[in-house]
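Asker: Okay, so here is structure_13.cif, and as you'll see once you scroll down, it has mmCIF, C-alpha atoms.
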data_run
loop_
_atom_site.label_atom_id
_atom_site.label_comp_id
_atom_site.auth_asym_id
_atom_site.auth_seq_id
_atom_site.Cartn_x
_atom_site.Cartn_y
_atom_site.Cartn_z
CA MET A 433 78.59 18.13 120.40
CA ASP A 434 78.13 17.99 124.19
CA GLU A 435 80.56 19.65 126.59
CA LEU A 436 82.19 16.42 127.73
CA SER A 437 82.89 15.25 124.18
CA GLN A 438 84.26 18.66 123.26
CA PHE A 439 86.49 18.63 126.36
CA GLU A 440 87.82 15.17 125.53
CA LYS A 441 88.37 16.13 121.93
CA VAL A 442 90.49 19.12 122.92
CA GLU A 443 92.35 16.92 125.36
CA ARG A 444 93.06 14.23 122.78
CA TYR A 445 94.41 16.89 120.43
CA VAL A 446 96.65 18.49 123.06
CA LEU A 447 97.92 15.10 124.26
CA GLY A 448 98.62 14.05 120.65
CA LYS A 449 96.22 11.13 120.78
CA MET A 450 94.32 11.92 117.57
CA THR A 451 94.82 10.08 114.31
CA PRO A 452 96.40 12.14 111.49
CA GLU A 453 92.97 12.49 109.85
CA GLU A 454 91.33 13.65 113.07
CA THR A 455 94.20 16.08 113.71
CA SER A 456 93.86 17.58 110.27
CA ALA A 457 90.08 18.05 110.64
CA PHE A 458 90.50 19.47 114.14
CA GLU A 459 93.17 21.93 113.03
CA HIS A 460 90.86 23.08 110.27
CA SER A 461 88.18 23.82 112.91
CA LEU A 462 90.76 25.69 114.99
CA GLN A 463 91.28 28.18 112.19
CA THR A 464 87.63 29.16 112.16
CA ASP A 465 86.61 28.70 115.78
CA ALA A 466 88.27 31.24 118.08
CA LYS A 467 86.66 29.80 121.21
CA LEU A 468 87.97 26.35 120.43
CA SER A 469 91.41 27.75 119.71
CA GLU A 470 91.46 29.52 123.06
CA SER A 471 90.41 26.41 124.94
CA VAL A 472 93.28 24.51 123.26
CA GLN A 473 95.73 27.24 124.32
CA ARG A 474 94.47 27.25 127.90
CA LYS A 475 94.61 23.47 128.11
CA ARG A 476 98.10 23.41 126.67
CA MET A 477 99.31 26.09 129.03
CA LEU A 478 97.93 24.48 132.17
CA LEU A 479 99.06 21.00 131.15
CA GLY A 480 102.52 22.36 130.35
CA SER A 481 102.59 24.11 133.72
CA ILE A 482 101.59 20.93 135.55
CA LYS A 483 104.38 19.05 133.77
CA LEU A 484 106.92 21.78 134.53
CA ALA A 485 105.98 21.85 138.21
CA HIS A 486 106.06 18.08 138.38
CA GLU A 487 109.43 17.92 136.63
CA GLU A 488 110.86 20.39 139.16
CA ASP A 489 109.55 18.27 142.03
CA LEU A 490 110.90 15.07 140.51
CA LYS A 491 114.32 16.65 139.92
CA SER A 492 114.48 17.69 143.58
CA LYS A 493 113.44 14.22 144.66
CA ILE A 494 116.12 12.56 142.50
CA SER A 495 118.76 15.04 143.71
CA ALA A 496 117.90 14.28 147.33
CA ILE A 497 118.23 10.55 146.63
CA GLN A 498 121.53 11.16 144.83
CA GLU A 499 122.86 13.12 147.80
CA ARG A 500 121.93 10.33 150.17
CA THR A 501 123.43 7.58 148.06
CA SER A 502 126.57 9.62 147.26
CA ILE A 503 127.29 10.05 150.96
CA ASP A 504 126.86 6.34 151.42
CA LEU A 505 129.28 5.63 148.56
CA SER A 506 131.94 7.95 149.88
CA GLN A 507 131.65 6.43 153.34
CA ASN A 508 132.06 3.01 151.81
CA SER A 509 135.05 4.05 149.72
CA GLU A 510 137.04 5.07 152.80
CA ILE A 511 136.94 1.58 154.18
CA ARG A 512 136.76 -0.23 150.89
CA PRO A 513 140.13 -2.13 150.89
CA ARG A 514 139.60 -4.07 154.12
CA LYS A 515 135.88 -4.41 153.64
CA PHE A 516 136.34 -5.53 150.05
CA ARG A 517 138.60 -8.40 151.10
CA LYS A 518 136.06 -9.51 153.69
CA LEU A 519 133.29 -9.11 151.16
CA SER A 520 135.09 -11.14 148.52
CA THR A 521 135.52 -14.12 150.93
CA ALA A 522 131.89 -13.83 151.92
CA LEU A 523 130.84 -13.69 148.27
CA THR A 524 132.84 -16.83 147.43
CA ILE A 525 131.14 -18.74 150.24
CA ALA A 526 127.72 -17.40 149.24
CA ALA A 527 128.27 -18.35 145.59
CA SER A 528 129.32 -21.89 146.57
CA VAL A 529 126.25 -22.33 148.75
CA LEU A 530 124.07 -21.01 145.93
CA LEU A 531 125.57 -23.47 143.47
CA ILE A 532 124.91 -26.38 145.83
CA ILE A 533 121.31 -25.22 146.34
CA LEU A 534 120.79 -24.92 142.59
CA ALA A 535 122.21 -28.38 141.98
CA ILE A 536 119.89 -29.87 144.61
CA TRP A 537 116.95 -27.90 143.17
CA TYR A 538 117.53 -29.42 139.73
CA LEU A 539 117.91 -32.92 141.13
CA ILE A 540 114.77 -33.02 143.26
CA PRO A 541 111.39 -33.42 141.57
CA LYS A 542 109.61 -30.18 140.72
CA SER A 543 106.63 -29.01 142.73
CA ASP A 544 103.15 -29.23 141.26
CA GLN A 545 103.06 -25.48 140.80
CA GLN A 546 106.37 -25.44 138.94
CA LEU A 547 105.23 -28.32 136.79
CA ALA A 548 101.97 -26.58 135.91
CA ARG A 549 103.74 -23.34 135.04
CA GLN A 550 106.28 -25.23 132.94
CA TYR A 551 103.47 -26.58 130.75
CA PHE A 552 101.44 -23.37 130.72
CA THR A 553 101.49 -21.19 127.65
CA PRO A 554 99.04 -18.28 127.36
CA TYR A 555 96.10 -19.05 125.08
CA PRO A 556 96.40 -16.86 121.98
CA ASP A 557 94.09 -13.88 121.61
CA VAL A 558 91.28 -15.10 119.38
CA LEU A 559 88.84 -12.63 120.86
CA SER A 560 90.14 -9.37 119.41
CA GLN A 561 89.72 -10.76 115.89
CA GLN A 562 86.16 -11.89 116.70
CA ILE A 563 85.37 -8.42 117.98
CA GLU A 564 86.76 -6.96 114.76
CA GLU A 565 84.69 -9.35 112.64
CA ARG A 566 81.42 -9.32 114.54
CA GLY A 567 81.63 -5.86 115.96
CA PHE A 568 80.63 -5.04 119.49
CA PHE A 569 77.28 -6.14 120.76
CA GLY A 570 76.18 -2.58 121.27
CA SER A 571 77.74 0.36 122.91
CA HIS A 572 77.63 -0.99 126.43
CA GLU A 573 80.26 0.63 128.62
CA SER A 574 81.60 -2.76 129.76
CA GLU A 575 83.07 -3.22 126.28
CA THR A 576 85.71 -0.62 127.10
CA TYR A 577 86.88 -2.89 129.91
CA LEU A 578 86.97 -5.88 127.57
CA LYS A 579 89.04 -4.05 125.00
CA ALA A 580 91.46 -2.71 127.64
CA GLY A 581 91.68 -6.16 129.26
CA MET A 582 92.60 -7.88 126.00
CA SER A 583 95.19 -5.25 125.21
CA GLU A 584 96.76 -5.75 128.66
CA TYR A 585 96.59 -9.54 128.25
CA ASN A 586 98.45 -9.24 124.94
CA THR A 587 101.17 -7.09 126.51
CA GLN A 588 101.42 -9.60 129.39
CA ASP A 589 100.31 -7.00 131.93
CA TYR A 590 98.30 -9.65 133.73
CA SER A 591 97.68 -7.81 136.95
CA SER A 592 95.92 -5.07 134.96
CA SER A 593 94.09 -7.53 132.72
CA THR A 594 92.60 -9.31 135.77
CA SER A 595 91.14 -6.03 136.91
CA SER A 596 89.82 -4.91 133.50
CA LEU A 597 88.39 -8.30 132.52
CA ALA A 598 86.76 -8.75 135.95
CA SER A 599 85.07 -5.36 135.45
CA TYR A 600 83.85 -6.50 132.04
CA ILE A 601 82.40 -9.75 133.44
CA ASN A 602 80.70 -7.91 136.30
CA GLU A 603 79.16 -5.16 134.21
CA ALA A 604 78.36 -6.80 130.88
CA PRO A 605 74.73 -7.83 130.28
CA LEU A 606 74.10 -11.58 130.58
CA GLU A 607 73.48 -11.97 126.87
CA HIS A 608 76.74 -10.29 125.85
CA PRO A 609 78.40 -12.48 123.21
CA PHE A 610 81.97 -12.49 124.52
CA LEU A 611 81.34 -13.42 128.15
CA GLN A 612 82.73 -16.96 127.84
CA GLU A 613 85.91 -15.93 126.07
CA GLY A 614 86.34 -12.96 128.41
CA SER A 615 86.05 -15.34 131.40
CA LEU A 616 88.65 -17.66 129.90
CA TYR A 617 91.18 -14.84 129.51
CA LEU A 618 90.35 -13.64 133.01
CA ALA A 619 91.07 -17.14 134.40
CA LEU A 620 94.37 -17.27 132.50
CA SER A 621 95.33 -13.83 133.81
CA TYR A 622 94.65 -15.04 137.35
CA PHE A 623 96.82 -18.08 136.65
CA GLN A 624 99.65 -15.82 135.51
CA VAL A 625 99.50 -13.74 138.68
CA GLN A 626 99.50 -17.03 140.65
CA ASN A 627 95.98 -16.67 141.98
CA TYR A 628 95.23 -20.32 141.21
CA PRO A 629 92.05 -20.76 143.30
CA GLU A 630 90.36 -17.91 141.40
CA SER A 631 91.59 -19.29 138.09
CA THR A 632 90.17 -22.73 138.97
CA ASN A 633 86.81 -21.26 140.08
CA ILE A 634 86.28 -19.42 136.81
CA LEU A 635 87.36 -22.38 134.68
CA LEU A 636 85.05 -24.66 136.67
CA ARG A 637 82.11 -22.36 135.94
CA LEU A 638 83.05 -22.34 132.26
CA ASP A 639 83.37 -26.12 132.32
CA GLU A 640 79.72 -26.35 133.37
CA VAL A 641 78.53 -24.47 130.26
CA PRO A 642 77.15 -27.06 127.79
CA ASN A 643 78.14 -27.18 124.11
CA THR A 644 80.91 -24.63 124.33
CA ASP A 645 83.50 -24.40 121.55
CA LEU A 646 86.17 -24.02 124.18
CA GLY A 647 85.63 -27.44 125.83
CA ASN A 648 89.12 -28.92 125.44
CA VAL A 649 90.82 -25.60 125.98
CA ILE A 650 89.00 -25.27 129.30
CA ASP A 651 89.85 -28.87 130.28
CA TRP A 652 93.55 -28.26 129.59
CA TYR A 653 93.80 -25.06 131.58
CA LEU A 654 91.59 -26.39 134.36
CA GLY A 655 93.95 -29.39 134.62
CA LEU A 656 96.92 -27.02 134.92
CA SER A 657 95.14 -24.79 137.41
CA TYR A 658 94.18 -27.77 139.61
CA LEU A 659 97.78 -28.99 139.46
CA ALA A 660 99.13 -25.54 140.41
CA GLU A 661 96.82 -25.68 143.42
CA GLY A 662 98.25 -29.09 144.34
CA LYS A 663 94.99 -30.92 143.54
CA ARG A 664 96.59 -33.79 141.66
CA ALA A 665 93.56 -36.11 141.60
CA GLU A 666 91.32 -33.48 140.00
CA ALA A 667 94.09 -32.49 137.58
CA LYS A 668 94.55 -36.11 136.56
CA ILE A 669 90.85 -36.48 135.69
CA LYS A 670 90.88 -33.37 133.49
CA LEU A 671 94.13 -34.28 131.74
CA THR A 672 93.07 -37.87 131.10
CA VAL A 673 89.97 -36.58 129.26
CA LEU A 674 92.33 -34.96 126.78
CA SER A 675 94.16 -38.18 125.80
CA ASN A 676 92.15 -38.37 122.54
CA ASP A 677 92.38 -34.72 121.67
CA ASP A 678 94.61 -33.90 118.68
CA LYS A 679 95.85 -30.65 120.09
CA TYR A 680 96.40 -31.48 123.73
CA SER A 681 96.95 -35.26 123.96
CA ALA A 682 100.76 -35.20 123.65
CA ARG A 683 101.15 -32.45 126.23
CA ALA A 684 98.60 -34.01 128.58
CA GLU A 685 100.29 -37.42 128.44
CA ALA A 686 103.75 -35.95 128.99
CA LEU A 687 102.44 -34.04 131.97
CA LEU A 688 100.67 -37.08 133.41
CA GLU A 689 103.94 -39.04 133.16
CA SER A 690 105.69 -36.39 135.23
CA PHE A 691 103.26 -36.92 138.13
CA MET B 1085 104.58 -4.77 141.33
CA GLY B 1086 107.27 -4.85 138.61
CA PHE B 1087 110.31 -2.59 138.81
CA ALA B 1088 109.30 -0.65 135.67
CA LYS B 1089 105.85 0.01 137.10
CA ARG B 1090 107.36 1.19 140.40
CA LEU B 1091 109.60 3.57 138.48
CA LYS B 1092 106.63 4.84 136.46
CA ASN B 1093 104.93 5.61 139.77
CA GLU B 1094 108.10 7.43 140.88
CA GLU B 1095 108.54 5.29 143.98
CA THR B 1096 111.47 6.58 146.00
CA GLU B 1097 112.86 3.11 146.66
CA ALA B 1098 112.81 2.17 142.98
CA ILE B 1099 114.61 5.39 141.98
CA GLN B 1100 117.10 4.83 144.78
CA ASP B 1101 117.78 1.22 143.71
CA LEU B 1102 118.39 2.30 140.14
CA ILE B 1103 120.76 5.06 141.22
CA ILE B 1104 122.68 2.77 143.58
CA ASN B 1105 123.02 0.08 140.91
CA THR B 1106 124.24 2.42 138.16
CA GLN B 1107 125.93 5.33 139.91
CA GLY B 1108 129.39 3.76 140.07
CA LYS B 1109 129.50 2.90 136.37
CA CYS B 1110 128.12 6.28 135.26
CA PHE B 1111 130.47 8.28 137.51
CA LYS B 1112 133.46 6.29 136.29
CA TYR B 1113 132.48 6.64 132.64
CA ILE B 1114 131.94 10.39 132.80
CA THR B 1115 134.88 11.31 135.04
CA ARG B 1116 137.26 9.28 132.85
CA ARG B 1117 136.09 11.34 129.87
CA GLY B 1118 136.75 14.72 131.38
CA GLY B 1119 133.49 15.25 133.28
CA THR B 1120 132.94 15.93 136.95
CA ILE B 1121 130.83 14.08 139.51
CA GLU B 1122 128.42 17.03 139.57
CA GLU B 1123 127.97 16.87 135.79
CA ALA B 1124 127.40 13.13 136.07
CA LYS B 1125 124.75 13.67 138.74
CA ASP B 1126 122.95 16.30 136.64
CA LEU B 1127 122.94 14.04 133.63
CA MET B 1128 121.75 11.05 135.66
CA ASN B 1129 118.97 13.21 137.06
CA GLU B 1130 117.78 14.28 133.60
CA MET B 1131 118.06 10.80 132.16
CA MET B 1132 116.06 9.43 135.09
CA ILE B 1133 113.22 11.80 134.21
CA ARG B 1134 113.52 10.87 130.55
CA LEU B 1135 113.50 7.15 131.40
CA ILE B 1136 110.34 7.54 133.49
CA GLN B 1137 108.70 9.44 130.60
CA LYS B 1138 109.77 6.75 128.15
CA LEU B 1139 108.34 4.03 130.38
CA ARG B 1140 105.05 5.92 130.48
CA ILE B 1141 104.70 7.09 126.92
CA ASN B 1142 105.99 4.04 125.07
CA ASN B 1143 104.97 1.51 127.70
CA LEU B 1144 108.52 0.26 127.28
CA GLN B 1145 109.13 -3.38 128.22
CA LEU B 1146 112.73 -3.66 129.42
CA ILE B 1147 114.54 -6.79 130.51
CA ASN B 1148 117.44 -4.97 132.17
CA ILE B 1149 116.53 -1.47 133.26
CA ASN B 1150 119.92 -0.90 134.95
CA ALA B 1151 121.80 -1.55 131.70
CA TYR B 1152 119.33 0.51 129.66
CA TYR B 1153 119.57 3.48 132.00
CA THR B 1154 123.40 3.32 132.14
CA LYS B 1155 123.45 3.28 128.33
CA MET B 1156 121.12 6.31 128.22
CA VAL B 1157 123.45 8.26 130.51
CA LYS B 1158 126.55 7.27 128.53
CA ASN B 1159 124.94 8.17 125.21
CA ALA B 1160 123.72 11.50 126.59
CA TRP B 1161 127.23 12.30 127.81
CA LEU B 1162 128.72 11.49 124.39
CA GLU B 1163 126.04 13.58 122.71
CA GLN B 1164 126.70 16.44 125.09
CA LYS B 1165 130.43 16.23 124.41
CA ARG B 1166 129.79 16.06 120.70
CA LYS B 1167 127.79 19.24 120.79
CA ASN B 1168 130.52 20.70 122.99
CA LYS B 1169 128.05 22.20 125.36
CA GLN B 1170 129.02 22.65 128.99
CA ALA B 1171 125.47 23.24 130.19
CA PRO B 1172 123.43 20.11 130.85
CA GLN B 1173 120.56 19.33 128.51
CA VAL B 1174 117.21 20.78 129.46
CA LEU B 1175 114.13 18.81 128.69
CA ALA B 1176 111.83 20.88 126.54
CA LEU B 1177 108.46 19.94 127.90
CA ASP B 1178 106.75 22.82 126.23
CA ASP B 1179 107.51 26.05 124.47
CA PRO B 1180 106.84 28.94 126.86
CA ASP B 1181 106.64 31.49 124.04
CA GLN B 1182 103.36 30.14 122.85
CA TYR B 1183 101.65 31.19 126.08
CA LEU B 1184 102.91 34.73 126.18
CA HIS B 1185 100.00 35.97 124.14
CA ILE B 1186 97.50 34.53 126.64
CA VAL B 1187 98.97 36.53 129.49
CA ARG B 1188 99.34 39.52 127.20
CA GLN B 1189 95.60 39.25 126.67
CA MET B 1190 95.35 39.35 130.45
CA GLY B 1191 97.24 42.64 130.28
CA TYR B 1192 100.74 41.56 131.33
CA ARG B 1193 104.13 41.43 129.62
CA PRO B 1194 106.24 39.16 131.78
CA GLU B 1195 109.76 37.96 131.02
CA GLU B 1196 109.88 34.41 129.73
CA GLY B 1197 111.71 32.91 132.76
CA ASP B 1198 109.50 34.89 135.09
CA LEU B 1199 106.39 33.46 133.46
CA ILE B 1200 107.66 29.89 133.85
CA ASP B 1201 108.36 30.44 137.56
CA LYS B 1202 104.94 31.99 138.09
CA ARG B 1203 103.20 29.17 136.23
CA ILE B 1204 104.95 26.60 138.43
CA LEU B 1205 104.05 28.54 141.56
CA ALA B 1206 100.43 28.91 140.40
CA VAL B 1207 100.18 25.14 139.82
CA ARG B 1208 101.63 24.37 143.26
CA GLU B 1209 99.21 26.75 144.96
CA SER B 1210 96.24 25.54 142.91
CA TRP B 1211 96.91 21.89 143.84
CA GLN B 1212 96.37 22.86 147.47
CA ASP B 1213 93.03 24.47 146.70
CA ILE B 1214 91.25 21.60 145.00
CA LYS B 1215 89.58 18.69 146.73
CA PRO B 1216 91.87 15.73 147.58
CA ASP B 1217 89.96 13.27 145.35
CA CYS B 1218 90.20 15.71 142.42
CA ARG B 1219 93.90 16.20 143.08
CA SER B 1220 94.44 12.47 143.14
CA LEU B 1221 92.43 11.91 139.95
CA LEU B 1222 94.19 14.69 138.01
CA HIS B 1223 97.60 13.60 139.26
CA GLN B 1224 97.05 9.99 138.23
CA TYR B 1225 95.72 10.92 134.79
CA TYR B 1226 97.81 13.91 133.72
CA VAL B 1227 101.06 13.37 135.65
CA LEU B 1228 101.41 9.61 136.05
CA GLU B 1229 99.54 9.14 132.73
CA GLU B 1230 97.57 6.16 134.00
CA LYS B 1231 94.62 4.82 132.05
CA LEU B 1232 91.24 6.21 133.03
CA ILE B 1233 89.81 2.73 133.32
CA GLY B 1234 92.45 1.78 135.90
CA ILE B 1235 91.92 4.99 137.84
CA ALA B 1236 88.16 4.31 137.95
CA GLU B 1237 88.86 0.84 139.31
CA LYS B 1238 91.24 2.12 141.98
CA MET B 1239 88.94 4.93 143.10
CA GLY B 1240 85.85 2.74 143.09
CA TYR B 1241 84.02 4.69 140.36
CA THR B 1242 82.48 3.56 137.11
CA TYR B 1243 84.31 4.48 133.93
CA ASN B 1244 81.66 6.95 132.82
CA PHE B 1245 81.50 8.60 136.21
CA VAL B 1246 85.24 9.14 136.28
CA ARG B 1247 85.12 10.68 132.78
CA VAL B 1248 82.67 13.29 133.98
CA LYS B 1249 84.47 13.80 137.28
CA LYS B 1250 87.78 14.38 135.49
CA LYS B 1251 86.20 17.18 133.44
CA ARG B 1252 84.68 18.81 136.52
CA CYS B 1253 87.95 18.58 138.42
CA TRP B 1254 89.88 19.97 135.47
CA ASP B 1255 87.46 22.89 135.06
CA ALA B 1256 87.79 23.77 138.75
CA PHE B 1257 91.56 23.43 138.63
CA GLU B 1258 91.82 25.55 135.49
CA LYS B 1259 89.72 28.30 137.01
CA ILE B 1260 91.81 28.40 140.20
CA PHE B 1261 95.07 28.25 138.22
CA PHE B 1262 94.30 31.23 136.01
CA LEU B 1263 93.08 33.27 138.98
CA LYS B 1264 96.30 32.47 140.88
CA LEU B 1265 98.43 33.25 137.83
CA LYS B 1266 96.65 36.55 137.34
CA LYS B 1267 97.28 37.48 140.97
CA LEU B 1268 100.93 36.46 140.80
CA LEU B 1269 101.40 38.57 137.67
CA GLU B 1270 99.64 41.52 139.29
CA ASP B 1271 101.84 41.25 142.38
CA GLY B 1272 104.90 41.22 140.11
#
Show me the file's structure as structure tokens.

Answerer:
Amino acid sequence: MDELSQFEKVERYVLGKMTPEETSAFEHSLQTDAKLSESVQRKRMLLGSIKLAHEEDLKSKISAIQERTSIDLSQNSEIRPRKFRKLSTALTIAASVLLIILAIWYLIPKSDQQLARQYFTPYPDVLSQQIEERGFFGSHESETYLKAGMSEYNTQDYSSSTSSLASYINEAPLEHPFLQEGSLYLALSYFQVQNYPESTNILLRLDEVPNTDLGNVIDWYLGLSYLAEGKRAEAKIKLTVLSNDDKYSARAEALLESF
Amino acid sequence: MGFAKRLKNEETEAIQDLIINTQGKCFKYITRRGGTIEEAKDLMNEMMIRLIQKLRINNLQLININAYYTKMVKNAWLEQKRKNKQAPQVLALDDPDQYLHIVRQMGYRPEEGDLIDKRILAVRESWQDIKPDCRSLLHQYYVLEEKLIGIAEKMGYTYNFVRVKKKRCWDAFEKIFFLKLKKLLEDG
């Protein structure tokens, strides 16, 4: 085993990231390999020391914040009665104004962006299962990005998934089998972080790919992305195409009626 | 950036917001049950560290962090009362005993508390002696517990490069740390 793999193995053990089977095998090696055992001890000691030092620093930081905010509270409490009365009048006025604004907001038509987001639901993860079934294309390093990106997409950490999936798209070889699906999830992640122009660009490129299985899916999300950008005419064209589609026709028609 | 993520990154403003939003309730709860403001502050401090760890380790998704944190403090106070311990809880990040034999091998027999202090001091001094990019990489990975792939992205490295760099930085840091620790133990 090379040095880097050995280092990472020790690290995974110390950080508790091994599976029970791996742990058991590793602990068996520890009993017979004194050098390995020492490197585990050294790693554990330094890591523990880093955490201790960091915990001390964090405690001091929190204490300093507490001191600051406590002083503020005590200053406030001295003048609380008069200030509280003033504050309560101000709050009543603010609440009334807020209610009026909310009422108006509900009465006026929704913006294109709001409308698009109202109809948007994240496309389910069909890629992870495909990866499981077909296995990775090879051992290209970009696949790590894909896997991380899908995991972040599934936990709705879209700002991270944009970054991971973009890295996958940029680094994967052209013939990699999951490029189309990866691009779709990248576009949807951009949509979720409200970067609509980027979402539209990617979906447009996907839309140009002939004979893709994702045709209607792409049309639907491209329609929403156009709409979120305020490009109603383009959105209308994409959504109208879906009027005969079993899955999307009802949603597309309802959305078109809201225009 | 979301509030949970800002807390995970230990942003001063996020910690301050959480304290301001929950301090009143926690103080009231603890002082009405026989505690003092100082005890409340200590407990809030420890629970803040525990909350940040929970957010990191479990990747906790919380809808209302203020309510969750307040509940943590209240539960910890009840638990503390139940155990009838006056001293605040101490987070056991590691067991210092297990390292005593390493320094014994180095020829020293320090007291347990003394060893902890020296380890902390050695870490602080060692941080200053490694290159800034190594310090940043190790801090992000081992302290903030960020994913390596994200660190690579932020630092403008490829994933494989950052894997190798992390090992090199760790090796250098480890070497400096044990030299510093040895010197601190020698100096008493």

Asker: Restrict the calculation to only C-alpha atoms, then for each residue of chain B with any atom at most 8 Å from an atom of chain A give the closest atom pair and their distance in Å to one decimal, rows by chain and rising residue number, as CSV.

Answerer:
residue,atom,partner,partner_atom,distance
B:Thr1096,CA,A:Ile497,CA,7.9
B:Ile1099,CA,A:Ile494,CA,7.3
B:Gln1100,CA,A:Ile497,CA,6.1
B:Ile1103,CA,A:Gln498,CA,7.1
B:Ile1104,CA,A:Thr501,CA,6.6
B:Lys1125,CA,A:Gln498,CA,7.3
B:Asn1129,CA,A:Ile494,CA,6.2
B:Glu1130,CA,A:Lys491,CA,7.6
B:Ile1133,CA,A:Leu490,CA,7.5
B:Leu1177,CA,A:Gly480,CA,6.9
B:Asp1178,CA,A:Gly480,CA,5.9
B:Tyr1183,CA,A:Met477,CA,6.3
B:Ile1186,CA,A:Gln473,CA,7.9
B:Ile1200,CA,A:Ser481,CA,7.7
B:Arg1203,CA,A:Ser481,CA,5.7
B:Ile1204,CA,A:Ala485,CA,4.9
B:Leu1205,CA,A:Ala485,CA,7.7
B:Val1207,CA,A:Ile482,CA,6.2
B:Arg1208,CA,A:Ala485,CA,7.1
B:Tyr1226,CA,A:Leu479,CA,7.6
B:Val1227,CA,A:Lys483,CA,6.8
B:Ile1233,CA,A:Tyr577,CA,7.2
B:Gly1234,CA,A:Ser596,CA,7.6
B:Glu1237,CA,A:Ser595,CA,7.6
B:Tyr1243,CA,A:Glu573,CA,7.7
B:Asn1244,CA,A:Glu573,CA,7.7
B:Val1248,CA,A:Leu436,CA,7.0
B:Lys1251,CA,A:Leu436,CA,7.0
B:Glu1258,CA,A:Leu478,CA,7.0
B:Phe1261,CA,A:Leu478,CA,7.7

Asker: Choose the residue, out of A:Asp544, A:Glu607, A:Glu630, A:Glu685, that has the smallest atom-to-atom separation from A:Leu659; count only C-alpha atoms.

Answerer: A:Asp544

Asker: As an exercise, work out the distance from atom CA of B:Val1246 to atom CA of B:Glu1095 in Å and give it to one decimal place.

Answerer: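 That distance, rounded to one decimal, is 24.8 Å.
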
Asker: Once the PyMOL selection byres ((chain B and resi 1124) around 12) is applied to the coordinates I shared, what remains selected? I want it as an MDAnalysis selection string.

Answerer: (chainID A and resid 495 498 502) or (chainID B and resid 1103 1106:1123 1125:1132 1154 1157:1158 1160:1162 1164 1170:1173)

Asker: To one decimal place, how far is atom CA of A:Leu462 from atom CA of A:Val446 in Å?

Answerer: 12.3 Å

Asker: Can you tell me how far atom CA of A:Ala457 sits from atom CA of A:Ser469, in Å to one decimal?

Answerer: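 Here the two named atoms are 13.3 Å from each other.
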
Asker: Check what the PyMOL selection byres ((chain A and resi 672) around 12) selects in the file above and give those residues as a list in words.

Answerer: Asn648, Asp651, Trp652, Gly655, Arg664, Ala665, Glu666, Ala667, Lys668, Ile669, Lys670, Leu671, Val673, Leu674, Ser675, Asn676, Asp677, Tyr680, Ser681, Ala682, Arg683, Ala684, Glu685, Ala686, Leu687, Leu688 and Glu689 of chain A

Asker: With a distance cut-off of 12 Å and only C-alpha atoms, select the neighbouring residues of B:Leu1228, excluding the residue or stretch itself and same-chain residues fewer than 3 positions from it, and output the selection as number ranges by chain.

Answerer: A: 482-483, 486-487, 490; B: 1089-1095, 1136-1141, 1220-1225, 1231-1232, 1234-1235

Asker: Fewer than 2 positions away in the same chain doesn't count, so skip those; otherwise give me all residues within 8 Å of A:Met582, counting all atoms listed in the file, as a PyMOL selection string.

Answerer: chain A and resi 557+559-560+578-580+584-586+593+597+617

Asker: Go ahead and write the residues just picked, C-alpha atoms, as a PDB file, in the coordinates of the input.

Answerer:
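So selection_27.pdb came out as:
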ATOM      1  CA  ASP A 557      94.090 -13.880 121.610  1.00  0.00           C
ATOM      2  CA  LEU A 559      88.840 -12.630 120.860  1.00  0.00           C
ATOM      3  CA  SER A 560      90.140  -9.370 119.410  1.00  0.00           C
ATOM      4  CA  LEU A 578      86.970  -5.880 127.570  1.00  0.00           C
ATOM      5  CA  LYS A 579      89.040  -4.050 125.000  1.00  0.00           C
ATOM      6  CA  ALA A 580      91.460  -2.710 127.640  1.00  0.00           C
ATOM      7  CA  GLU A 584      96.760  -5.750 128.660  1.00  0.00           C
ATOM      8  CA  TYR A 585      96.590  -9.540 128.250  1.00  0.00           C
ATOM      9  CA  ASN A 586      98.450  -9.240 124.940  1.00  0.00           C
ATOM     10  CA  SER A 593      94.090  -7.530 132.720  1.00  0.00           C
ATOM     11  CA  LEU A 597      88.390  -8.300 132.520  1.00  0.00           C
ATOM     12  CA  TYR A 617      91.180 -14.840 129.510  1.00  0.00           C
TER      13      TYR A 617
END

Asker: Return the single residue from B:Gly1086, B:Gln1212, B:Glu1097, B:Lys1165 that is closest to B:Lys1264, with distances computed using all atoms listed in the file.

Answerer: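 The shortest atom-to-atom distance to B:Lys1264 comes from B:Gln1212.
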
Asker: Given the choices B:Ala1236, B:Leu1199, B:Ala1256, B:Ala1088, which gets closest to B:Tyr1153 if the distance is worked out from all atoms listed in the file?

Answerer: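 The closest residue to B:Tyr1153 is B:Ala1088.
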